[in-house]
Amino acid sequence: MKSTRLSVIDEIFLRTHRGYGIPIALQGIWRTTERVSREELDRIHDELAVGQLGRRVGRPRIPGARLRWDISSESLPLEYGTDAVDDIIGWADAQADVRLDPQYGPGWRLTAAPVAHGGTVLSLVCSHAMADARELIDAAAQAFSGSAPVHVLHPGSDVKDALAMIVTVLLRSIAATARLWVSKKARAELRAFTTADSGGIAPHHANRMTSVIVDVDAAEWDSAARRVGGSANSLFVSVVAATMNELGSHAVTVDIPFRTGSGDANAIGMATVAVRGDDSPAVIRAACKEAFGKPVGAPAGYPPEIVQLLPHRVAAKLTSTPGRGEVLCSNIGDIPDGITALGSHRSCGLATRAIHPNPSGALSTIRMSTYLSRLDGNYTLSLVCTDDALAGSPAELTAALQRALATRNLAAKPW
């Protein structure tokens with residue numbers, strides 16, 4: 001069941017649009033070898049406007065009630081460029097360079113352009129507050145197939161939601177406070193949380209992005225993971241850690257999102273692991289398994305919903321990001337069949353990632369965000385670096401990634 005109220009994670013992403021952290025937009029990049037007509041793209045745009053993305057954040061009328069989702073078909077107009085694109089990644093980077101706002105609108109954007117060597121490239125961008133990667137992919141798949149249901153929301157009574165929030169926060173806070181008197185572990189956990197300084201990670205000013213997208217043969221990737229007792233996911237984390245090592249960062253903390261099935265716009269939890277560039281996929285797999293049992297969350301049994309009753313400024317200090325790492329590794333998984341074709345046009349490449357529209361020097365502890373997805377026998381690996389001191393150019397980042405892959409007998413084809 002889809003939630004009609006914003007969750008704690010949803011609100012973290014919403015606050016980035018209010019100056020608390022670096023703005024985050026999700027982007028799907030879709031390529032075809034054939035030219036897609038303007039009429040087909042207009043249809044997709046119309047489907048998106050009435051589907052899962054056809055909404056905006058609404059304010060409750062009763063204090064204490066959570067922010068809610070309201071229906072909204074407002075969107076930025078479809079842009080179909082006439083100039084042929086040679087640098088697909090550079091073009092895709094520019095498509096997010098627009099002020100998205102999930103509350104005051106619009107929160108998403110669809111653009112397309114012809115590709116210089118033939119075909120069409122599409123970009124679908126939305127604020128991370130509106131959807132996680134799987135939600136964005138599902139919205140696109142429904143629009144591609146023409147099966148997007150008209151979005152209907154029933155957020156219910158603000159009075160009931162406010163009462164439920166206050167009772168939940170009050171009772172669980174009383175129980176957590178009582179536990180502090182008898183549990184040394186709970187006191188230590190709360191002390192560590194209140195004195196934490198981003199885990200010792202120095203934040204940097206995110207002024208621009210350095211982006212790389214590559215394809216790796218899926219059979220070779222899976223075989224390389226099996227040979228060393230790892231999984232496709234732990235090999236992914238291993239490759240990213242090795243890339244960081246090539247760039248001079250020898251030990252990193254890595255945030256790894258996982259699906260929770262909560263029904264929220266961002267149905268994700270977050271686990272954090274410490275990884276070295278020479279850690280094997282088998283070691284990383286074991287560390288991830290342990291970390292998933294202790295996901296990032298509110299300390300000492302206190303309810304995470306408490307921050308939804310606080311002003312933005314206070315809530316932002318308590319929940320600066322969903323995780324605690326300096327690198328994000330998000331495995332999107334298999335791309336569903338519904339998005340592999342647009343009518344008779346078959347995709348020849350699809351990448352999913354998060355990017356940062358108008359960062360304006362915002363402080364961030366995340367130095368690099370990485371994403372993995374699988375389609376038609378290839379894994380697509382997307383890297384987005386916001387720290388100039390780590391990787392100043394796409395060529396530098398690509399070379400570091402290629403060296404990390406080579407140590408695992410893998411090769412990549414850049415986009």
# chains A, B, ... in the order shown; residues from 1 in each chain; ligands from 1

call {"tool": "residues_around", "arguments": {"residues": "Gly119 in chain A", "least_positions_apart": "4", "cutoff": "8 Å", "atoms": "only C-alpha atoms", "output": "NGL selection string"}}
result
:A and (31-36 or 114-115)

call {"tool": "residues_around", "arguments": {"residues": "range 284-301 of chain A", "least_positions_apart": "2", "cutoff": "6 Å", "atoms": "only C-alpha atoms", "output": "PyMOL selection string"}}
result
chain A and resi 176+186+189-190+234+270-271+281-282+304

call {"tool": "write_last_selection", "arguments": {"atoms": "N, CA and C atoms", "output": "compact mmCIF listing (two decimals), in the first residue's frame"}}
result
# COMPACT_ATOMS: atom_id res chain seq x y z
N ALA A 176 11.90 4.86 25.87
CA ALA A 176 13.33 4.95 25.60
C ALA A 176 14.05 5.67 26.74
N ALA A 186 22.27 1.46 25.99
CA ALA A 186 21.41 2.52 25.45
C ALA A 186 22.03 3.89 25.72
N GLU A 189 24.87 4.41 23.31
CA GLU A 189 24.38 4.64 21.95
C GLU A 189 23.89 6.08 21.79
N LEU A 190 23.17 6.58 22.80
CA LEU A 190 22.69 7.96 22.74
C LEU A 190 23.84 8.95 22.82
N SER A 234 28.55 -7.39 -3.55
CA SER A 234 29.79 -7.16 -2.81
C SER A 234 30.96 -6.87 -3.77
N MET A 270 19.23 2.12 5.39
CA MET A 270 20.63 2.36 5.06
C MET A 270 21.54 1.63 6.05
N ALA A 271 22.49 0.89 5.50
CA ALA A 271 23.53 0.26 6.31
C ALA A 271 24.87 0.88 5.95
N PRO A 281 35.76 -9.24 -2.13
CA PRO A 281 34.30 -9.28 -2.13
C PRO A 281 33.73 -10.20 -1.07
N ALA A 282 34.45 -11.28 -0.73
CA ALA A 282 33.97 -12.19 0.33
C ALA A 282 33.96 -11.49 1.68
N PRO A 304 12.13 7.50 15.41
CA PRO A 304 12.64 8.40 14.37
C PRO A 304 11.63 9.48 13.99

call {"tool": "residues_around", "arguments": {"residues": "Tyr302 in chain A", "least_positions_apart": "6", "cutoff": "12 Å", "atoms": "only C-alpha atoms", "output": "list in words"}}
result
Thr168, Val169, Leu170, Leu171, Arg172, Ser173, Ile174, Ala175, Ala176, Thr177, Ala178, Arg179, Leu180, Ala186, Arg187, Glu189, Leu190 and Phe193 of chain A

call {"tool": "closest_residue", "arguments": {"among": "A:Ser330, A:Ser123, A:Thr352, A:Thr243", "to": "Arg259 in chain A", "atoms": "only C-alpha atoms"}}
result
A:Ser330

call {"tool": "residues_around", "arguments": {"residues": "Asp278 in chain A", "least_positions_apart": "6", "cutoff": "10 Å", "atoms": "only C-alpha atoms", "output": "PyMOL selection string"}}
result
chain A and resi 238-239+241-242+245+250-251

call {"tool": "residues_around", "arguments": {"residues": "Trp69 in chain A", "least_positions_apart": "4", "cutoff": "12 Å", "atoms": "only C-alpha atoms", "output": "VMD selection string"}}
result
chain A and resid 2 to 7 10 to 11 52 to 60 102 to 104 129 to 131 151 to 156 264 to 265

call {"tool": "atom_distance", "arguments": {"atom1": "CA of Leu372 in chain A", "atom2": "CA of Ala143 in chain A"}}
result
22.7 Å

call {"tool": "atom_distance", "arguments": {"atom1": "CA of Arg18 in chain A", "atom2": "CA of Ala140 in chain A"}}
result
27.0 Å

call {"tool": "closest_residue", "arguments": {"among": "A:Arg43, A:Arg38, A:Arg134, A:Arg208", "to": "Pro257 in chain A", "atoms": "only C-alpha atoms"}}
result
A:Arg134

call {"tool": "atom_distance", "arguments": {"atom1": "CA of Ile166 in chain A", "atom2": "CA of Gly269 in chain A"}}
result
23.3 Å
